[in-house]
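Notes follow once the structure below has been shown.
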Amino acid sequence: MGEEIPVKELSELLDTVSEKVPKLIKELMSSFYSEESGKQMGRAVAAMYKELVDSGVPAEEALKMAKDYLNTARDVIPRNFG
């Protein structure tokens, strides 16, 4: 109960975090919205659609599922990293 909080060390840690985290978030956002990232997402959605259709899911339903997947990915990234 009598333990002291290491205020100086905690302050230094918070200074370091506040310096590095914004840069990390900026780099993450850049990677999510890069041309290569867009290509990879397009390939992933196309592969998902093809797999669904090849597995017997009707094309219209597979398209809806692929759109939902893409929209979910698009919505989650800014909410968590923006």
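Naming works like this for the structure tokens: A, B, ... for the chains as they're shown, residue 1 at the start of each chain, ligands 1 onward in shown order.
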
Show which residues sit within 7 Å of range 29-46 of chain A, as an MDAnalysis selection string. Count only C-alpha atoms, and ignore same-chain residues fewer than 4 positions away. chainID A and resid 25 50 66 70 81

Using only N, CA and C atoms, please write the residues we just selected to a file, as an mmCIF file, in the first residue's frame.
```
data_model
loop_
_atom_site.group_PDB
_atom_site.id
_atom_site.type_symbol
_atom_site.label_atom_id
_atom_site.label_comp_id
_atom_site.auth_asym_id
_atom_site.auth_seq_id
_atom_site.Cartn_x
_atom_site.Cartn_y
_atom_site.Cartn_z
ATOM 1 N N ILE A 25 0.507 5.824 -36.189
ATOM 2 C CA ILE A 25 -0.853 5.874 -36.742
ATOM 3 C C ILE A 25 -0.828 6.433 -38.159
ATOM 4 N N LYS A 50 -15.271 -15.214 -55.992
ATOM 5 C CA LYS A 50 -15.074 -16.409 -56.819
ATOM 6 C C LYS A 50 -15.255 -17.678 -55.993
ATOM 7 N N ALA A 66 -19.667 -10.025 -50.857
ATOM 8 C CA ALA A 66 -18.384 -9.389 -51.168
ATOM 9 C C ALA A 66 -18.454 -7.887 -50.895
ATOM 10 N N LEU A 70 -16.244 -5.750 -48.150
ATOM 11 C CA LEU A 70 -15.476 -4.561 -48.508
ATOM 12 C C LEU A 70 -15.916 -3.359 -47.674
ATOM 13 N N PHE A 81 -8.469 3.737 -36.592
ATOM 14 C CA PHE A 81 -7.149 4.334 -36.803
ATOM 15 C C PHE A 81 -7.211 5.775 -37.273
#
```
